[in-house]
Amino acid sequence: FAIAMEWTVMPQNGELLVNVQKPDLQIGLEGPAEVSFGVPQIYRLKISNPGTAPAENVVLNLSAEPYGANSSPIGTIAPGTNRVVEVELTFQQKGKLKIKAEAVGDNLKSAAEVDVMVHQAMLAATVSGIESEYVGATVDY
(Lines give C-alpha, C1' and ligand atoms only; values in the text may rest on other atoms or scores of the structure.)
Protein backbone atom coordinates (compact mmCIF):
# COMPACT_ATOMS: atom_id res chain seq x y z
CA PHE A 1 0.00 0.00 0.00
CA ALA A 2 1.65 3.29 -1.03
CA ILE A 3 0.48 6.84 -0.46
CA ALA A 4 1.91 9.87 -2.20
CA MET A 5 1.80 13.02 -0.13
CA GLU A 6 2.71 16.56 -1.10
CA TRP A 7 2.98 19.46 1.41
CA THR A 8 2.78 23.11 0.51
CA VAL A 9 3.38 25.71 3.17
CA MET A 10 2.11 29.20 2.48
CA PRO A 11 2.92 32.13 4.77
CA GLN A 12 -0.08 33.69 6.32
CA ASN A 13 -0.50 37.38 5.75
CA GLY A 14 -1.55 39.51 8.64
CA GLU A 15 -1.28 42.99 9.97
CA LEU A 16 -0.68 44.22 13.43
CA LEU A 17 -1.12 47.88 14.15
CA VAL A 18 1.21 49.15 16.81
CA ASN A 19 0.50 52.49 18.45
CA VAL A 20 3.82 53.79 19.75
CA GLN A 21 3.49 56.40 22.45
CA LYS A 22 6.45 58.66 23.06
CA PRO A 23 6.66 61.76 25.24
CA ASP A 24 8.57 64.81 24.07
CA LEU A 25 9.66 68.05 25.72
CA GLN A 26 10.07 71.49 24.23
CA ILE A 27 10.91 74.65 26.12
CA GLY A 28 10.70 78.28 25.08
CA LEU A 29 12.14 81.27 26.92
CA GLU A 30 10.69 84.74 26.34
CA GLY A 31 11.75 88.02 27.88
CA PRO A 32 13.53 91.29 27.18
CA ALA A 33 17.03 91.14 25.68
CA GLU A 34 17.94 94.58 27.07
CA VAL A 35 17.17 95.55 30.65
CA SER A 36 18.02 98.29 33.14
CA PHE A 37 20.16 97.64 36.19
CA GLY A 38 18.07 96.95 39.31
CA VAL A 39 14.69 96.98 37.52
CA PRO A 40 12.63 93.74 37.88
CA GLN A 41 11.82 91.98 34.59
CA ILE A 42 9.41 89.11 33.86
CA TYR A 43 10.64 86.12 31.84
CA ARG A 44 8.16 83.51 30.62
CA LEU A 45 9.06 79.83 30.23
CA LYS A 46 6.72 77.63 28.21
CA ILE A 47 7.28 73.90 28.66
CA SER A 48 5.24 71.77 26.25
CA ASN A 49 4.79 68.09 25.46
CA PRO A 50 3.99 67.66 21.73
CA GLY A 51 4.43 63.90 22.11
CA THR A 52 1.81 61.16 22.41
CA ALA A 53 2.56 60.02 25.97
CA PRO A 54 2.83 61.87 29.30
CA ALA A 55 6.20 63.45 30.11
CA GLU A 56 6.78 62.40 33.70
CA ASN A 57 9.00 63.75 36.48
CA VAL A 58 9.70 67.01 34.66
CA VAL A 59 12.07 69.41 36.43
CA LEU A 60 12.77 72.99 35.36
CA ASN A 61 16.37 74.22 35.73
CA LEU A 62 17.02 77.95 35.38
CA SER A 63 20.43 79.59 35.55
CA ALA A 64 21.65 83.15 35.10
CA GLU A 65 25.40 83.33 35.46
CA PRO A 66 26.98 84.70 37.64
CA TYR A 67 23.92 84.70 39.91
CA GLY A 68 23.57 80.92 40.17
CA ALA A 69 20.93 78.34 39.34
CA ASN A 70 17.58 77.09 40.62
CA SER A 71 15.56 73.90 40.07
CA SER A 72 11.80 73.48 40.41
CA PRO A 73 9.78 70.28 39.96
CA ILE A 74 7.01 70.62 37.37
CA GLY A 75 5.60 67.07 37.58
CA THR A 76 3.80 65.34 34.72
CA ILE A 77 2.85 67.13 31.50
CA ALA A 78 0.08 65.42 29.56
CA PRO A 79 0.48 64.89 25.80
CA GLY A 80 -0.46 67.92 23.73
CA THR A 81 -0.44 70.29 26.71
CA ASN A 82 1.96 72.83 28.17
CA ARG A 83 2.87 74.63 31.35
CA VAL A 84 3.79 78.30 31.59
CA VAL A 85 6.09 79.53 34.36
CA GLU A 86 6.76 83.22 34.90
CA VAL A 87 9.94 84.26 36.66
CA GLU A 88 10.81 87.75 37.90
CA LEU A 89 14.51 88.55 37.62
CA THR A 90 16.30 91.67 38.88
CA PHE A 91 19.82 92.14 37.53
CA GLN A 92 22.41 93.62 39.88
CA GLN A 93 25.41 93.47 37.55
CA LYS A 94 25.89 95.47 34.37
CA GLY A 95 27.02 93.97 31.08
CA LYS A 96 26.07 90.93 29.02
CA LEU A 97 24.89 87.71 30.62
CA LYS A 98 23.16 84.52 29.54
CA ILE A 99 19.94 83.07 30.95
CA LYS A 100 19.59 79.31 30.41
CA ALA A 101 16.42 77.28 30.90
CA GLU A 102 16.31 73.50 30.75
CA ALA A 103 13.41 71.06 31.11
CA VAL A 104 14.44 67.54 32.09
CA GLY A 105 12.14 64.51 32.39
CA ASP A 106 12.48 60.72 32.29
CA ASN A 107 14.97 60.28 29.39
CA LEU A 108 13.92 63.68 27.98
CA LYS A 109 15.70 67.02 27.79
CA SER A 110 15.10 70.38 26.13
CA ALA A 111 16.97 73.65 26.57
CA ALA A 112 16.68 77.31 25.60
CA GLU A 113 18.73 80.39 26.33
CA VAL A 114 18.66 84.14 25.85
CA ASP A 115 21.44 86.73 26.01
CA VAL A 116 20.61 89.77 28.12
CA MET A 117 22.37 93.13 28.08
CA VAL A 118 22.07 94.94 31.41
CA HIS A 119 22.45 98.72 31.13
CA GLN A 120 23.40 100.85 34.09
CA ALA A 121 23.29 104.64 34.09
CA MET A 122 26.38 106.26 35.52
CA LEU A 123 26.24 109.77 36.95
CA ALA A 124 29.34 111.73 37.82
CA ALA A 125 29.55 115.20 39.34
CA THR A 126 32.48 117.48 40.02
CA VAL A 127 32.67 120.63 42.11
CA SER A 128 35.26 123.30 41.44
CA GLY A 129 35.95 126.57 43.15
CA ILE A 130 38.19 128.14 45.74
CA GLU A 131 39.01 126.10 48.80
CA SER A 132 38.39 128.70 51.49
CA GLU A 133 36.60 132.02 51.85
CA TYR A 134 35.56 134.39 54.62
CA VAL A 135 32.26 133.81 56.42
CA GLY A 136 29.40 135.67 54.75
CA ALA A 137 31.21 136.17 51.44
CA THR A 138 29.55 135.05 48.20
CA VAL A 139 31.50 132.47 46.21
CA ASP A 140 30.70 130.70 42.92
CA TYR A 141 31.35 126.96 42.64
# chains A, B, ... in the order shown; residues from 1 in each chain; ligands from 1
$ closest_atom_pairs --of "stretch 78-139 of chain A" --to "stretch 23-28 of chain A" --cutoff "9 Å" --atoms "only C-alpha atoms" --output "JSON lines"
{"residue": "A:Ala78", "atom": "CA", "partner": "A:Pro23", "partner_atom": "CA", "distance": 8.7}
{"residue": "A:Pro79", "atom": "CA", "partner": "A:Pro23", "partner_atom": "CA", "distance": 7.0}
{"residue": "A:Ala101", "atom": "CA", "partner": "A:Ile27", "partner_atom": "CA", "distance": 7.8}
{"residue": "A:Glu102", "atom": "CA", "partner": "A:Ile27", "partner_atom": "CA", "distance": 7.2}
{"residue": "A:Ala103", "atom": "CA", "partner": "A:Ile27", "partner_atom": "CA", "distance": 6.6}
{"residue": "A:Val104", "atom": "CA", "partner": "A:Leu25", "partner_atom": "CA", "distance": 8.0}
{"residue": "A:Gly105", "atom": "CA", "partner": "A:Leu25", "partner_atom": "CA", "distance": 7.9}
{"residue": "A:Leu108", "atom": "CA", "partner": "A:Leu25", "partner_atom": "CA", "distance": 6.5}
{"residue": "A:Lys109", "atom": "CA", "partner": "A:Leu25", "partner_atom": "CA", "distance": 6.5}
{"residue": "A:Ser110", "atom": "CA", "partner": "A:Gln26", "partner_atom": "CA", "distance": 5.5}
{"residue": "A:Ala111", "atom": "CA", "partner": "A:Ile27", "partner_atom": "CA", "distance": 6.2}
{"residue": "A:Ala112", "atom": "CA", "partner": "A:Gly28", "partner_atom": "CA", "distance": 6.1}
{"residue": "A:Glu113", "atom": "CA", "partner": "A:Gly28", "partner_atom": "CA", "distance": 8.4}
$ residues_around --residues "A:Ala33" --least-positions-apart "6" --cutoff "10 Å" --atoms "only C-alpha atoms" --output "PDB file with N, CA and C atoms, in the first residue's frame"
ATOM      1  N   LYS A  96      26.782  92.005  29.716  1.00  0.00           N
ATOM      2  CA  LYS A  96      26.074  90.929  29.021  1.00  0.00           C
ATOM      3  C   LYS A  96      26.108  89.653  29.853  1.00  0.00           C
ATOM      4  N   LEU A  97      24.961  88.998  29.945  1.00  0.00           N
ATOM      5  CA  LEU A  97      24.886  87.711  30.622  1.00  0.00           C
ATOM      6  C   LEU A  97      23.908  86.805  29.902  1.00  0.00           C
ATOM      7  N   LYS A  98      23.973  85.528  30.214  1.00  0.00           N
ATOM      8  CA  LYS A  98      23.163  84.519  29.540  1.00  0.00           C
ATOM      9  C   LYS A  98      22.215  83.862  30.536  1.00  0.00           C
ATOM     10  N   VAL A 114      18.794  82.780  26.387  1.00  0.00           N
ATOM     11  CA  VAL A 114      18.663  84.138  25.854  1.00  0.00           C
ATOM     12  C   VAL A 114      19.812  84.971  26.428  1.00  0.00           C
ATOM     13  N   ASP A 115      20.403  85.801  25.572  1.00  0.00           N
ATOM     14  CA  ASP A 115      21.437  86.730  26.014  1.00  0.00           C
ATOM     15  C   ASP A 115      20.765  88.030  26.441  1.00  0.00           C
ATOM     16  N   VAL A 116      21.203  88.555  27.575  1.00  0.00           N
ATOM     17  CA  VAL A 116      20.613  89.772  28.120  1.00  0.00           C
ATOM     18  C   VAL A 116      21.714  90.809  28.318  1.00  0.00           C
ATOM     19  N   MET A 117      21.452  92.020  27.856  1.00  0.00           N
ATOM     20  CA  MET A 117      22.370  93.132  28.076  1.00  0.00           C
ATOM     21  C   MET A 117      21.774  94.011  29.178  1.00  0.00           C
ATOM     22  N   VAL A 118      22.520  94.146  30.271  1.00  0.00           N
ATOM     23  CA  VAL A 118      22.073  94.944  31.410  1.00  0.00           C
ATOM     24  C   VAL A 118      22.749  96.313  31.326  1.00  0.00           C
TER      25      VAL A 118
END
$ closest_residue --among "A:Val20, A:Ala64, A:Val85, A:Val58" --to "A:Lys100" --atoms "only C-alpha atoms"
A:Ala64
$ select_by_dssp --residues "stretch 24-92 of chain A" --states "strand (DSSP E or B)" --output "ChimeraX atom specification"
/A:26-30,34-36,41-48,55-64,68-77,82-89
$ atom_distance --atom1 "atom CA of A:Tyr141" --atom2 "atom CA of A:Ala125"
12.3 Å
$ atom_distance --atom1 "atom CA of A:Gln93" --atom2 "atom CA of A:Lys46"
26.2 Å
$ atom_distance --atom1 "atom CA of A:His119" --atom2 "atom CA of A:Ser71"
27.3 Å
$ closest_residue --among "A:Gly95, A:Gly31, A:Gly14, A:Gly75" --to "A:Ala55" --atoms "only C-alpha atoms"
A:Gly75
$ closest_residue --among "A:Asn19, A:Thr126, A:Gln120, A:Ser132" --to "A:Glu34" --atoms "only C-alpha atoms"
A:Gln120
$ residues_around --residues "A:Ala121" --least-positions-apart "4" --cutoff "10 Å" --atoms "only C-alpha atoms" --output "list in words"
Ser36, Phe37 and Lys94 of chain A
$ write_last_selection --atoms "N, CA and C atoms" --output "JSON list (two decimals), in the first residue's frame"
[["chain", "number", "residue", "atom", "x", "y", "z"],
["A", 36, "SER", "N", 17.34, 97.28, 32.32],
["A", 36, "SER", "CA", 18.02, 98.29, 33.14],
["A", 36, "SER", "C", 18.45, 97.67, 34.46],
["A", 37, "PHE", "N", 19.59, 98.09, 34.93],
["A", 37, "PHE", "CA", 20.16, 97.64, 36.19],
["A", 37, "PHE", "C", 19.17, 97.87, 37.33],
["A", 94, "LYS", "N", 26.00, 94.96, 35.72],
["A", 94, "LYS", "CA", 25.89, 95.47, 34.37],
["A", 94, "LYS", "C", 26.68, 94.60, 33.40]]
$ closest_residue --among "A:Ile130, A:Glu88, A:Ser63, A:Asp106" --to "A:Pro32" --atoms "only C-alpha atoms"
A:Glu88
$ closest_residue --among "A:Val39, A:Glu15, A:Thr81, A:Val87" --to "A:Leu60" --atoms "only C-alpha atoms"
A:Val87
$ decode --residues "stretch 59-96 of chain A" --atoms "N, CA, C and O atoms" --output "PDB file, in the first residue's frame"
ATOM      1  N   VAL A  59      11.444  68.436  35.538  1.00  0.00           N
ATOM      2  CA  VAL A  59      12.074  69.407  36.435  1.00  0.00           C
ATOM      3  C   VAL A  59      12.563  70.570  35.579  1.00  0.00           C
ATOM      4  O   VAL A  59      13.135  70.371  34.503  1.00  0.00           O
ATOM      5  N   LEU A  60      12.322  71.789  36.051  1.00  0.00           N
ATOM      6  CA  LEU A  60      12.769  72.992  35.359  1.00  0.00           C
ATOM      7  C   LEU A  60      14.035  73.506  36.042  1.00  0.00           C
ATOM      8  O   LEU A  60      14.054  73.731  37.241  1.00  0.00           O
ATOM      9  N   ASN A  61      15.107  73.665  35.249  1.00  0.00           N
ATOM     10  CA  ASN A  61      16.370  74.219  35.735  1.00  0.00           C
ATOM     11  C   ASN A  61      16.571  75.575  35.076  1.00  0.00           C
ATOM     12  O   ASN A  61      16.489  75.686  33.854  1.00  0.00           O
ATOM     13  N   LEU A  62      16.830  76.597  35.892  1.00  0.00           N
ATOM     14  CA  LEU A  62      17.024  77.950  35.378  1.00  0.00           C
ATOM     15  C   LEU A  62      18.324  78.486  35.957  1.00  0.00           C
ATOM     16  O   LEU A  62      18.551  78.403  37.164  1.00  0.00           O
ATOM     17  N   SER A  63      19.178  79.021  35.079  1.00  0.00           N
ATOM     18  CA  SER A  63      20.434  79.593  35.554  1.00  0.00           C
ATOM     19  C   SER A  63      20.683  80.927  34.869  1.00  0.00           C
ATOM     20  O   SER A  63      20.344  81.106  33.704  1.00  0.00           O
ATOM     21  N   ALA A  64      21.243  81.846  35.617  1.00  0.00           N
ATOM     22  CA  ALA A  64      21.648  83.151  35.104  1.00  0.00           C
ATOM     23  C   ALA A  64      23.012  83.433  35.706  1.00  0.00           C
ATOM     24  O   ALA A  64      23.112  83.861  36.847  1.00  0.00           O
ATOM     25  N   GLU A  65      24.047  83.120  34.954  1.00  0.00           N
ATOM     26  CA  GLU A  65      25.400  83.331  35.460  1.00  0.00           C
ATOM     27  C   GLU A  65      25.696  84.815  35.489  1.00  0.00           C
ATOM     28  O   GLU A  65      25.309  85.523  34.568  1.00  0.00           O
ATOM     29  N   PRO A  66      26.300  85.327  36.504  1.00  0.00           N
ATOM     30  CA  PRO A  66      26.982  84.697  37.637  1.00  0.00           C
ATOM     31  C   PRO A  66      26.115  84.571  38.887  1.00  0.00           C
ATOM     32  O   PRO A  66      26.621  84.348  39.973  1.00  0.00           O
ATOM     33  N   TYR A  67      24.800  84.708  38.742  1.00  0.00           N
ATOM     34  CA  TYR A  67      23.918  84.704  39.909  1.00  0.00           C
ATOM     35  C   TYR A  67      23.682  83.327  40.490  1.00  0.00           C
ATOM     36  O   TYR A  67      23.332  83.180  41.642  1.00  0.00           O
ATOM     37  N   GLY A  68      23.798  82.270  39.690  1.00  0.00           N
ATOM     38  CA  GLY A  68      23.566  80.924  40.174  1.00  0.00           C
ATOM     39  C   GLY A  68      22.426  80.253  39.433  1.00  0.00           C
ATOM     40  O   GLY A  68      21.991  80.719  38.376  1.00  0.00           O
ATOM     41  N   ALA A  69      21.959  79.151  39.993  1.00  0.00           N
ATOM     42  CA  ALA A  69      20.928  78.338  39.338  1.00  0.00           C
ATOM     43  C   ALA A  69      19.860  77.941  40.343  1.00  0.00           C
ATOM     44  O   ALA A  69      20.069  77.992  41.553  1.00  0.00           O
ATOM     45  N   ASN A  70      18.703  77.520  39.800  1.00  0.00           N
ATOM     46  CA  ASN A  70      17.584  77.092  40.625  1.00  0.00           C
ATOM     47  C   ASN A  70      16.853  75.972  39.901  1.00  0.00           C
ATOM     48  O   ASN A  70      16.748  75.990  38.675  1.00  0.00           O
ATOM     49  N   SER A  71      16.341  75.003  40.637  1.00  0.00           N
ATOM     50  CA  SER A  71      15.560  73.900  40.069  1.00  0.00           C
ATOM     51  C   SER A  71      14.189  73.867  40.724  1.00  0.00           C
ATOM     52  O   SER A  71      14.072  74.078  41.929  1.00  0.00           O
ATOM     53  N   SER A  72      13.166  73.591  39.899  1.00  0.00           N
ATOM     54  CA  SER A  72      11.796  73.480  40.408  1.00  0.00           C
ATOM     55  C   SER A  72      11.122  72.286  39.757  1.00  0.00           C
ATOM     56  O   SER A  72      11.137  72.171  38.534  1.00  0.00           O
ATOM     57  N   PRO A  73      10.513  71.405  40.562  1.00  0.00           N
ATOM     58  CA  PRO A  73       9.778  70.282  39.962  1.00  0.00           C
ATOM     59  C   PRO A  73       8.490  70.769  39.301  1.00  0.00           C
ATOM     60  O   PRO A  73       7.774  71.587  39.866  1.00  0.00           O
ATOM     61  N   ILE A  74       8.214  70.278  38.108  1.00  0.00           N
ATOM     62  CA  ILE A  74       7.006  70.623  37.367  1.00  0.00           C
ATOM     63  C   ILE A  74       5.990  69.478  37.457  1.00  0.00           C
ATOM     64  O   ILE A  74       4.802  69.694  37.477  1.00  0.00           O
ATOM     65  N   GLY A  75       6.486  68.237  37.508  1.00  0.00           N
ATOM     66  CA  GLY A  75       5.605  67.073  37.577  1.00  0.00           C
ATOM     67  C   GLY A  75       5.371  66.465  36.215  1.00  0.00           C
ATOM     68  O   GLY A  75       6.246  66.447  35.358  1.00  0.00           O
ATOM     69  N   THR A  76       4.155  66.005  35.972  1.00  0.00           N
ATOM     70  CA  THR A  76       3.801  65.342  34.720  1.00  0.00           C
ATOM     71  C   THR A  76       3.094  66.326  33.795  1.00  0.00           C
ATOM     72  O   THR A  76       2.209  67.056  34.214  1.00  0.00           O
ATOM     73  N   ILE A  77       3.492  66.307  32.519  1.00  0.00           N
ATOM     74  CA  ILE A  77       2.847  67.135  31.500  1.00  0.00           C
ATOM     75  C   ILE A  77       2.170  66.187  30.526  1.00  0.00           C
ATOM     76  O   ILE A  77       2.819  65.345  29.895  1.00  0.00           O
ATOM     77  N   ALA A  78       0.862  66.294  30.427  1.00  0.00           N
ATOM     78  CA  ALA A  78       0.077  65.416  29.557  1.00  0.00           C
ATOM     79  C   ALA A  78       0.413  65.678  28.086  1.00  0.00           C
ATOM     80  O   ALA A  78       0.854  66.772  27.728  1.00  0.00           O
ATOM     81  N   PRO A  79       0.190  64.678  27.218  1.00  0.00           N
ATOM     82  CA  PRO A  79       0.476  64.890  25.795  1.00  0.00           C
ATOM     83  C   PRO A  79      -0.382  66.001  25.203  1.00  0.00           C
ATOM     84  O   PRO A  79      -1.564  66.122  25.513  1.00  0.00           O
ATOM     85  N   GLY A  80       0.254  66.834  24.393  1.00  0.00           N
ATOM     86  CA  GLY A  80      -0.462  67.917  23.732  1.00  0.00           C
ATOM     87  C   GLY A  80      -0.750  69.117  24.612  1.00  0.00           C
ATOM     88  O   GLY A  80      -1.481  70.004  24.206  1.00  0.00           O
ATOM     89  N   THR A  81      -0.183  69.162  25.814  1.00  0.00           N
ATOM     90  CA  THR A  81      -0.435  70.287  26.712  1.00  0.00           C
ATOM     91  C   THR A  81       0.882  70.996  27.033  1.00  0.00           C
ATOM     92  O   THR A  81       1.958  70.548  26.640  1.00  0.00           O
ATOM     93  N   ASN A  82       0.774  72.100  27.773  1.00  0.00           N
ATOM     94  CA  ASN A  82       1.964  72.832  28.169  1.00  0.00           C
ATOM     95  C   ASN A  82       1.765  73.460  29.539  1.00  0.00           C
ATOM     96  O   ASN A  82       0.656  73.540  30.035  1.00  0.00           O
ATOM     97  N   ARG A  83       2.872  73.897  30.097  1.00  0.00           N
ATOM     98  CA  ARG A  83       2.868  74.629  31.355  1.00  0.00           C
ATOM     99  C   ARG A  83       3.629  75.932  31.123  1.00  0.00           C
ATOM    100  O   ARG A  83       4.649  75.941  30.444  1.00  0.00           O
ATOM    101  N   VAL A  84       3.132  77.006  31.703  1.00  0.00           N
ATOM    102  CA  VAL A  84       3.795  78.300  31.591  1.00  0.00           C
ATOM    103  C   VAL A  84       4.245  78.723  32.985  1.00  0.00           C
ATOM    104  O   VAL A  84       3.462  78.699  33.937  1.00  0.00           O
ATOM    105  N   VAL A  85       5.513  79.075  33.091  1.00  0.00           N
ATOM    106  CA  VAL A  85       6.092  79.526  34.355  1.00  0.00           C
ATOM    107  C   VAL A  85       6.640  80.928  34.127  1.00  0.00           C
ATOM    108  O   VAL A  85       7.400  81.156  33.184  1.00  0.00           O
ATOM    109  N   GLU A  86       6.232  81.864  34.975  1.00  0.00           N
ATOM    110  CA  GLU A  86       6.762  83.224  34.897  1.00  0.00           C
ATOM    111  C   GLU A  86       7.734  83.433  36.042  1.00  0.00           C
ATOM    112  O   GLU A  86       7.452  83.075  37.180  1.00  0.00           O
ATOM    113  N   VAL A  87       8.882  84.023  35.688  1.00  0.00           N
ATOM    114  CA  VAL A  87       9.939  84.255  36.663  1.00  0.00           C
ATOM    115  C   VAL A  87      10.299  85.735  36.630  1.00  0.00           C
ATOM    116  O   VAL A  87      10.478  86.310  35.559  1.00  0.00           O
ATOM    117  N   GLU A  88      10.390  86.355  37.811  1.00  0.00           N
ATOM    118  CA  GLU A  88      10.813  87.748  37.896  1.00  0.00           C
ATOM    119  C   GLU A  88      12.288  87.784  38.253  1.00  0.00           C
ATOM    120  O   GLU A  88      12.709  87.215  39.262  1.00  0.00           O
ATOM    121  N   LEU A  89      13.074  88.435  37.397  1.00  0.00           N
ATOM    122  CA  LEU A  89      14.514  88.551  37.619  1.00  0.00           C
ATOM    123  C   LEU A  89      14.893  90.023  37.749  1.00  0.00           C
ATOM    124  O   LEU A  89      14.408  90.860  36.992  1.00  0.00           O
ATOM    125  N   THR A  90      15.766  90.323  38.703  1.00  0.00           N
ATOM    126  CA  THR A  90      16.304  91.665  38.883  1.00  0.00           C
ATOM    127  C   THR A  90      17.817  91.555  38.772  1.00  0.00           C
ATOM    128  O   THR A  90      18.454  90.845  39.550  1.00  0.00           O
ATOM    129  N   PHE A  91      18.389  92.240  37.800  1.00  0.00           N
ATOM    130  CA  PHE A  91      19.815  92.135  37.529  1.00  0.00           C
ATOM    131  C   PHE A  91      20.583  93.190  38.316  1.00  0.00           C
ATOM    132  O   PHE A  91      20.271  94.365  38.260  1.00  0.00           O
ATOM    133  N   GLN A  92      21.611  92.744  39.032  1.00  0.00           N
ATOM    134  CA  GLN A  92      22.413  93.624  39.876  1.00  0.00           C
ATOM    135  C   GLN A  92      23.852  93.712  39.387  1.00  0.00           C
ATOM    136  O   GLN A  92      24.745  94.044  40.152  1.00  0.00           O
ATOM    137  N   GLN A  93      24.071  93.373  38.132  1.00  0.00           N
ATOM    138  CA  GLN A  93      25.409  93.469  37.555  1.00  0.00           C
ATOM    139  C   GLN A  93      25.261  93.932  36.112  1.00  0.00           C
ATOM    140  O   GLN A  93      24.480  93.355  35.345  1.00  0.00           O
ATOM    141  N   LYS A  94      26.002  94.956  35.725  1.00  0.00           N
ATOM    142  CA  LYS A  94      25.885  95.472  34.371  1.00  0.00           C
ATOM    143  C   LYS A  94      26.679  94.602  33.395  1.00  0.00           C
ATOM    144  O   LYS A  94      27.554  93.848  33.794  1.00  0.00           O
ATOM    145  N   GLY A  95      26.322  94.719  32.124  1.00  0.00           N
ATOM    146  CA  GLY A  95      27.017  93.967  31.084  1.00  0.00           C
ATOM    147  C   GLY A  95      26.149  92.872  30.502  1.00  0.00           C
ATOM    148  O   GLY A  95      24.950  92.794  30.744  1.00  0.00           O
ATOM    149  N   LYS A  96      26.782  92.005  29.716  1.00  0.00           N
ATOM    150  CA  LYS A  96      26.074  90.929  29.021  1.00  0.00           C
ATOM    151  C   LYS A  96      26.108  89.653  29.853  1.00  0.00           C
ATOM    152  O   LYS A  96      27.137  89.295  30.410  1.00  0.00           O
TER     153      LYS A  96
END
